[in-house]
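Structure below is coords.tsv: TSV, C-alpha atoms.
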chain	number	residue	atom	x	y	z
X	222	MET	CA	101.06	10.78	153.96
X	223	GLY	CA	103.59	10.50	151.18
X	224	VAL	CA	104.95	7.49	149.37
X	225	ASN	CA	107.52	5.46	151.26
X	226	ASN	CA	109.88	2.67	150.26
X	227	GLU	CA	107.28	0.03	151.03
X	228	ASP	CA	104.78	1.49	148.55
X	229	ILE	CA	104.48	0.59	144.90
X	230	LEU	CA	102.61	3.02	142.66
X	231	TYR	CA	101.47	1.54	139.39
X	232	GLY	CA	98.64	1.37	136.90
X	233	THR	CA	96.82	4.53	135.91
X	234	LYS	CA	99.05	7.32	137.23
X	235	GLU	CA	98.66	7.60	141.02
X	236	GLY	CA	95.31	5.84	141.13
X	237	LEU	CA	96.51	2.48	142.50
X	238	ILE	CA	98.96	1.55	145.23
X	239	LEU	CA	100.38	-1.53	146.92
X	240	ARG	CA	101.11	-0.87	150.57
X	241	VAL	CA	102.04	-3.20	153.42
X	242	ASP	CA	99.03	-4.13	155.61
X	243	GLU	CA	96.56	-2.68	153.08
X	244	SER	CA	94.42	-4.39	150.49
X	245	ALA	CA	96.24	-5.16	147.24
X	246	GLY	CA	95.51	-2.58	144.61
X	247	SER	CA	94.09	0.05	146.96
X	248	PHE	CA	92.79	3.30	145.46
X	249	TYR	CA	95.16	6.18	146.14
X	250	GLY	CA	94.30	9.84	145.85
X	251	TYR	CA	92.96	12.98	147.47
X	252	VAL	CA	90.17	13.75	149.92
X	253	ARG	CA	87.64	16.22	148.56
X	254	ASP	CA	86.31	18.67	151.15
X	255	GLY	CA	83.76	20.48	149.02
X	256	ILE	CA	84.05	23.81	147.22
X	257	TRP	CA	85.65	27.01	148.48
X	258	SER	CA	82.90	29.47	149.43
X	259	THR	CA	82.90	33.24	149.17
X	260	GLU	CA	83.41	33.48	152.93
X	261	GLU	CA	86.55	31.35	152.60
X	262	ALA	CA	88.16	33.54	149.93
X	263	GLU	CA	91.06	34.55	152.17
X	264	GLU	CA	91.89	30.95	153.08
X	265	ALA	CA	91.50	29.81	149.45
X	266	ALA	CA	93.96	32.48	148.37
X	267	LYS	CA	96.66	30.79	150.47
X	268	TYR	CA	96.40	27.92	147.96
X	269	LYS	CA	96.24	30.36	145.02
X	270	LEU	CA	92.58	29.43	144.55
X	271	LEU	CA	89.29	31.30	144.32
X	272	PRO	CA	85.78	30.79	145.67
X	273	GLY	CA	84.19	28.20	143.41
X	274	ASP	CA	87.40	26.15	143.14
X	275	LEU	CA	87.65	22.60	144.40
X	276	LYS	CA	88.77	22.22	148.00
X	277	ILE	CA	91.23	19.34	148.52
X	278	ARG	CA	92.22	18.40	152.06
X	279	ASP	CA	95.73	19.56	152.90
X	280	MET	CA	96.92	16.55	154.90
X	281	ASN	CA	100.25	18.00	156.03
X	282	MET	CA	99.02	21.61	156.33
X	283	ASP	CA	101.77	23.08	154.17
X	284	TYR	CA	99.38	25.16	152.03
X	285	SER	CA	100.32	23.20	148.95
X	286	ILE	CA	98.26	20.41	147.35
X	287	ASN	CA	100.64	17.79	145.97
X	288	GLY	CA	101.42	14.08	146.09
X	289	ASP	CA	102.15	14.21	149.81
X	290	ASP	CA	98.45	14.82	150.45
X	291	ARG	CA	97.32	11.52	148.96
X	292	VAL	CA	95.79	8.79	151.10
X	293	ILE	CA	94.15	5.40	150.53
X	294	LEU	CA	90.55	6.00	149.48
X	295	GLY	CA	89.18	2.48	149.11
X	296	LYS	CA	89.79	-0.92	147.58
X	297	GLY	CA	88.47	-2.87	144.63
X	298	ILE	CA	88.73	-6.29	146.26
X	299	PRO	CA	85.60	-7.25	148.27
X	300	ASP	CA	85.55	-8.44	151.86
X	301	PHE	CA	83.52	-11.43	150.71
X	302	TYR	CA	81.57	-12.53	147.65
X	303	GLY	CA	79.79	-15.58	146.33
X	304	THR	CA	76.73	-17.08	144.70
X	305	PHE	CA	73.59	-18.71	146.03
X	306	ALA	CA	72.52	-21.38	143.54
X	307	ASN	CA	69.66	-23.85	143.66
X	308	THR	CA	68.01	-26.31	141.30
X	309	VAL	CA	64.49	-27.57	141.96
X	310	LYS	CA	62.67	-30.30	140.05
X	311	TYR	CA	58.99	-31.07	140.46
X	312	LYS	CA	57.40	-33.65	138.24
X	313	ASN	CA	58.27	-32.51	134.71
X	314	PHE	CA	59.26	-28.97	135.71
X	315	ASP	CA	62.79	-27.80	136.50
X	316	PHE	CA	63.82	-24.48	137.99
X	317	ILE	CA	67.31	-22.96	138.37
X	318	LEU	CA	68.09	-19.80	140.35
X	319	GLU	CA	71.49	-18.11	140.86
X	320	ILE	CA	71.93	-14.99	143.01
X	321	GLN	CA	75.38	-13.39	143.06
X	322	TYR	CA	76.63	-11.02	145.76
X	323	SER	CA	79.67	-8.94	146.64
X	324	LYS	CA	80.27	-6.91	149.80
X	325	GLY	CA	82.97	-4.46	150.87
X	326	ASN	CA	84.45	-3.51	147.51
X	327	ASP	CA	84.69	0.03	146.14
X	328	ILE	CA	84.60	1.36	142.59
X	329	PHE	CA	86.85	4.13	141.29
X	330	ASN	CA	84.72	5.70	138.57
X	331	GLN	CA	87.06	7.71	136.37
X	332	ALA	CA	84.15	8.63	134.13
X	333	ARG	CA	83.43	11.41	136.62
X	334	ASN	CA	86.65	13.12	135.53
X	335	SER	CA	85.29	13.80	132.07
X	336	GLY	CA	81.58	13.65	132.90
X	337	GLU	CA	81.75	16.30	135.60
X	338	ALA	CA	84.85	18.37	134.91
X	339	ARG	CA	85.02	19.10	131.19
X	340	GLN	CA	81.79	20.97	130.52
X	341	GLY	CA	83.38	23.03	127.74
X	342	LEU	CA	84.77	19.99	125.92
X	343	ALA	CA	82.23	17.21	126.13
X	344	ASN	CA	78.74	16.20	127.19
X	345	SER	CA	78.33	16.04	130.96
X	346	PHE	CA	76.43	14.18	133.63
X	347	ALA	CA	73.30	15.86	134.98
X	348	THR	CA	75.17	16.45	138.25
X	349	VAL	CA	76.90	19.48	136.66
X	350	LEU	CA	73.60	21.31	137.12
X	351	ASP	CA	74.62	21.55	140.79
X	352	ALA	CA	77.86	23.42	140.08
X	353	TRP	CA	79.01	26.29	142.29
X	354	THR	CA	77.71	29.81	141.71
X	355	PRO	CA	77.69	32.80	144.07
X	356	GLU	CA	74.03	31.96	144.67
X	357	ASN	CA	74.69	28.23	145.13
X	358	GLN	CA	77.45	28.12	147.74
X	359	ASP	CA	76.64	24.57	148.90
X	360	ALA	CA	77.10	23.06	145.44
X	361	VAL	CA	78.48	19.58	144.84
X	362	LEU	CA	80.79	20.58	141.98
X	363	GLU	CA	83.21	23.42	141.33
X	364	GLN	CA	82.27	26.45	139.27
X	365	VAL	CA	81.84	25.97	135.52
X	366	ARG	CA	84.53	28.00	133.76
X	367	PRO	CA	85.85	28.43	130.22
X	368	THR	CA	88.09	25.69	128.87
X	369	GLY	CA	91.13	27.98	129.00
X	370	ALA	CA	90.87	28.15	132.78
X	371	GLY	CA	91.86	24.49	133.00
X	372	TYR	CA	90.11	21.52	134.56
X	373	ASN	CA	90.76	19.47	137.67
X	374	TYR	CA	91.60	15.80	137.25
X	375	TYR	CA	92.26	14.92	140.87
X	376	MET	CA	91.90	11.26	141.72
X	377	ASP	CA	89.70	12.09	144.69
X	378	THR	CA	86.95	10.74	146.92
X	379	ARG	CA	84.26	12.06	144.57
X	380	LYS	CA	85.17	9.24	142.17
X	381	VAL	CA	84.96	6.48	144.79
X	382	SER	CA	81.67	4.78	145.64
X	383	ASP	CA	80.49	1.58	147.28
X	384	GLY	CA	80.57	-1.27	144.77
X	385	SER	CA	78.69	-3.84	146.85
X	386	PHE	CA	75.86	-5.49	144.95
X	387	ILE	CA	73.31	-8.27	144.73
X	388	ARG	CA	72.68	-9.55	141.21
X	389	GLY	CA	70.09	-11.88	139.77
X	390	LYS	CA	72.61	-13.83	137.71
X	391	ASN	CA	70.59	-16.64	136.18
X	392	LEU	CA	66.98	-17.81	136.15
X	393	VAL	CA	65.74	-20.80	134.17
X	394	LEU	CA	62.32	-22.43	134.03
X	395	GLY	CA	61.88	-25.57	131.95
X	396	TYR	CA	59.27	-28.21	131.21
X	397	THR	CA	60.01	-31.68	129.83
X	398	LEU	CA	57.25	-33.48	127.99
X	399	PRO	CA	56.41	-36.85	129.55
X	400	PRO	CA	57.43	-40.04	127.67
X	401	SER	CA	53.77	-40.84	127.00
X	402	ILE	CA	53.66	-37.83	124.68
X	403	THR	CA	57.19	-37.92	123.20
X	404	SER	CA	56.80	-41.58	122.22
X	405	LYS	CA	53.73	-40.72	120.16
X	406	LEU	CA	55.73	-37.94	118.47
X	407	GLY	CA	58.56	-40.33	117.62
X	408	ILE	CA	61.19	-38.48	119.68
X	409	ASN	CA	63.23	-39.36	122.76
X	410	ASN	CA	63.04	-36.08	124.64
X	411	LEU	CA	61.62	-32.58	124.31
X	412	ARG	CA	62.22	-29.82	126.83
X	413	ILE	CA	60.88	-26.27	126.55
X	414	TYR	CA	62.63	-23.57	128.59
X	415	ALA	CA	62.89	-19.84	129.19
X	416	SER	CA	65.77	-18.09	130.92
X	417	ALA	CA	66.99	-14.67	132.04
X	418	GLN	CA	70.53	-13.56	132.89
X	419	ASN	CA	71.36	-10.45	134.93
X	420	PHE	CA	67.65	-9.94	135.48
X	421	PHE	CA	68.09	-7.54	138.40
X	422	LEU	CA	70.84	-5.56	140.12
X	423	ILE	CA	70.74	-3.94	143.56
X	424	THR	CA	73.63	-1.55	144.22
X	425	GLU	CA	74.41	1.97	145.40
X	426	TYR	CA	77.10	2.38	142.76
X	427	PHE	CA	76.91	5.63	140.79
X	428	GLY	CA	77.53	4.01	137.38
X	429	TYR	CA	75.80	1.31	135.40
X	430	ASP	CA	77.41	-1.85	136.72
X	431	PRO	CA	79.82	-2.36	139.65
X	432	GLU	CA	81.16	-5.67	138.32
X	433	VAL	CA	83.42	-4.27	135.62
X	434	THR	CA	87.11	-3.51	135.27
X	435	THR	CA	88.48	-1.34	132.48
X	436	TYR	CA	92.21	-1.89	133.00
X	437	GLU	CA	92.57	-5.66	132.93
X	438	GLU	CA	96.24	-5.40	131.96
X	439	PHE	CA	97.06	-4.40	135.55
X	440	SER	CA	96.95	-7.27	138.03
X	441	PHE	CA	95.26	-5.35	140.87
X	442	SER	CA	93.09	-2.89	138.95
X	443	GLN	CA	89.80	-4.50	139.98
X	444	GLY	CA	87.15	-1.83	140.43
X	445	PHE	CA	88.79	0.79	138.20
X	446	ASN	CA	86.10	1.84	135.72
X	447	TYR	CA	86.10	4.25	132.81
X	448	TYR	CA	82.84	4.16	130.80
X	449	GLU	CA	82.84	0.37	130.78
X	450	TYR	CA	79.84	-1.35	129.20
X	451	PRO	CA	77.59	-3.02	131.78
X	452	LYS	CA	76.75	-6.71	131.67
X	453	PRO	CA	73.76	-7.15	129.34
X	454	ARG	CA	70.36	-8.32	130.53
X	455	THR	CA	69.53	-11.35	128.41
X	456	PHE	CA	66.26	-13.21	127.87
X	457	LEU	CA	66.16	-16.53	126.05
X	458	ALA	CA	63.57	-19.13	125.09
X	459	GLY	CA	64.23	-22.42	123.40
X	460	ILE	CA	63.65	-26.12	122.88
X	461	ASN	CA	65.97	-29.05	123.61
X	462	LEU	CA	65.05	-31.87	121.27
X	463	SER	CA	66.57	-35.31	120.81
X	464	PHE	CA	65.51	-38.23	118.60
So, in terms of structure tokens, how does the structure I just supplied come out?
Amino acid sequence: MGVNNEDILYGTKEGLILRVDESAGSFYGYVRDGIWSTEEAEEAAKYKLLPGDLKIRDMNMDYSINGDDRVILGKGIPDFYGTFANTVKYKNFDFILEIQYSKGNDIFNQARNSGEARQGLANSFATVLDAWTPENQDAVLEQVRPTGAGYNYYMDTRKVSDGSFIRGKNLVLGYTLPPSITSKLGINNLRIYASAQNFFLITEYFGYDPEVTTYEEFSFSQGFNYYEYPKPRTFLAGINLSF
């Protein structure tokens, strides 16, 4: 599947594409089929590769991995999203709860390029401990080699993960002193409260937080992430006082 006249490539190299009948800003790249094993040495050689090298799916079977082998890998825009919000008051107590959700969106985590494929240049994710060796033929990652051998920076399916999530967005519990007490204190109102924001997150996303976008300058780059800071978990306590 190559690029045709109805496609628009933009953003971070070939990572994003606009295509008719597909979601805006779809992720565009290669399908990873594992690592070439010792038993596949002859087939790997047809691609000028060795056992331990990354195996990319040859879509058009021409024994050459290039731009014509790219396909749509996912999308950053969810199928649906929203927030459940409720406010409850009972006597002098008030309670606010907001639960946020998103379903059907993917995340393209570019951090895996440097975190899993540059062992000789930078610190790595713990997943590099499952790199290919002759004794570990079913490894997740390609063989660790010296920097001079070069590194792979394919925009491939390894970097794409489900970005669906459920987030505890806001939680507030407050108590307002009754007038019988505030009048004796010479004040009109006094409310004591405690709150928490982003107090839980349920997701299968590989990184810290699926609700981030690194490249905001591109209109359809939602879900593209490169070591973005997660939303902070915040706890507050305070007093609202009026005279």
Check the smallest atom-to-atom distance from each of X:Tyr436, X:Phe445, X:Phe421, X:Tyr374 to Arg253 in chain X using all atoms listed in the file, then report the winner.
->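 Of X:Tyr436, X:Phe445, X:Phe421, X:Tyr374, the one nearest Arg253 in chain X is X:Tyr374, counting all atoms listed in the file.
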What does the distance from CA of Ser323 in chain X to CA of Asp254 in chain X come to in Å, to one decimal?
->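 CA of Ser323 in chain X sits 28.8 Å away from CA of Asp254 in chain X.
Using only C-alpha atoms, the residues found no farther than 7 Å from Lys380 in chain X, other than those of its own chain fewer than 4 positions away, are X:Phe329, X:Asn330, X:Gln331, X:Arg333.
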Write out as a count of residues only which residues come within 12 Å of Leu462 in chain X when counting all atoms listed in the file, dropping same-chain ones fewer than 6 positions away.
-> 12
Which residue of X:Phe427, X:Tyr448, X:Phe441, X:Trp353 approaches Ser244 in chain X most closely, using all atoms listed in the file | X:Phe441
Using only C-alpha atoms, which of the listed residues (X:Ala415, X:Ile402, X:Val292, X:Leu394) sits closest to Val309 in chain X?
->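 Ranked by minimum distance to Val309 in chain X, first place goes to X:Leu394.
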What's the 12 Å shell around Phe386 in chain X, counting only C-alpha atoms, without same-chain residues fewer than 4 positions away, as a CSV table (one decimal) with C-alpha atoms, in the frame of the given file?
chain,number,residue,atom,x,y,z
X,299,PRO,CA,85.6,-7.2,148.3
X,301,PHE,CA,83.5,-11.4,150.7
X,302,TYR,CA,81.6,-12.5,147.6
X,303,GLY,CA,79.8,-15.6,146.3
X,304,THR,CA,76.7,-17.1,144.7
X,320,ILE,CA,71.9,-15.0,143.0
X,321,GLN,CA,75.4,-13.4,143.1
X,322,TYR,CA,76.6,-11.0,145.8
X,323,SER,CA,79.7,-8.9,146.6
X,324,LYS,CA,80.3,-6.9,149.8
X,325,GLY,CA,83.0,-4.5,150.9
X,326,ASN,CA,84.4,-3.5,147.5
X,327,ASP,CA,84.7,0.0,146.1
X,328,ILE,CA,84.6,1.4,142.6
X,382,SER,CA,81.7,4.8,145.6
X,390,LYS,CA,72.6,-13.8,137.7
X,421,PHE,CA,68.1,-7.5,138.4
X,422,LEU,CA,70.8,-5.6,140.1
X,423,ILE,CA,70.7,-3.9,143.6
X,424,THR,CA,73.6,-1.6,144.2
X,425,GLU,CA,74.4,2.0,145.4
X,426,TYR,CA,77.1,2.4,142.8
X,427,PHE,CA,76.9,5.6,140.8
X,429,TYR,CA,75.8,1.3,135.4
X,430,ASP,CA,77.4,-1.8,136.7
X,431,PRO,CA,79.8,-2.4,139.6
X,432,GLU,CA,81.2,-5.7,138.3
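One distance worth recording is that between CA of Val393 in chain X and CA of Phe464 in chain X, which is 23.4 Å.
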Excluding same-chain residues fewer than 3 positions from Trp257 in chain X, what lies within 9 Å of it counting only C-alpha atoms, as JSON, numbers by chain?
-> {"X": [254, 260, 261, 262, 264, 265, 270, 271, 272, 273, 274, 275, 276, 358, 363]}
Go through X:Ser247, X:Thr435, X:Thr455, X:Thr259 and flag the residue nearest Ile298 in chain X, using all atoms listed in the file for the distances.
->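 Distance minimum relative to Ile298 in chain X lands on X:Ser247.
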Using only C-alpha atoms, which residues sit within 6 Å of Ala417 in chain X once same-chain residues fewer than 6 positions away are excluded, as a PyMOL selection string?
-> chain X and resi 391-392+455-456
Mind pulling up the distance from CA of Pro399 in chain X to CA of Lys312 in chain X?
->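 Between CA of Lys312 in chain X and CA of Pro399 in chain X the gap is 9.3 Å.
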Nearest to Asn446 in chain X among X:Gly428, X:Gly341, X:Gly246, X:Gly369, with distances taken over only C-alpha atoms: which residue is it?
-> X:Gly428
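Remark: for Ala266 in chain X, the closest of the candidate residues X:Glu337, X:Ala352, X:Ser285, X:Lys405 is X:Ser285 (distances computed over only C-alpha atoms).
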Expected residue set, 6 Å radius at (62.2, -26.4, 136.5), only C-alpha atoms, as a ChimeraX atom specification = /X:310,314-316,394-395
Axis-aligned box for all listed atoms of range 428-436 of chain X, 3 Å per side, centre and edges in Å to one decimal, as lines of an AutoDock Vina configuration file:
center_x = 84.0
center_y = -0.8
center_z = 136.1
size_x = 22.4
size_y = 15.7
size_z = 13.2
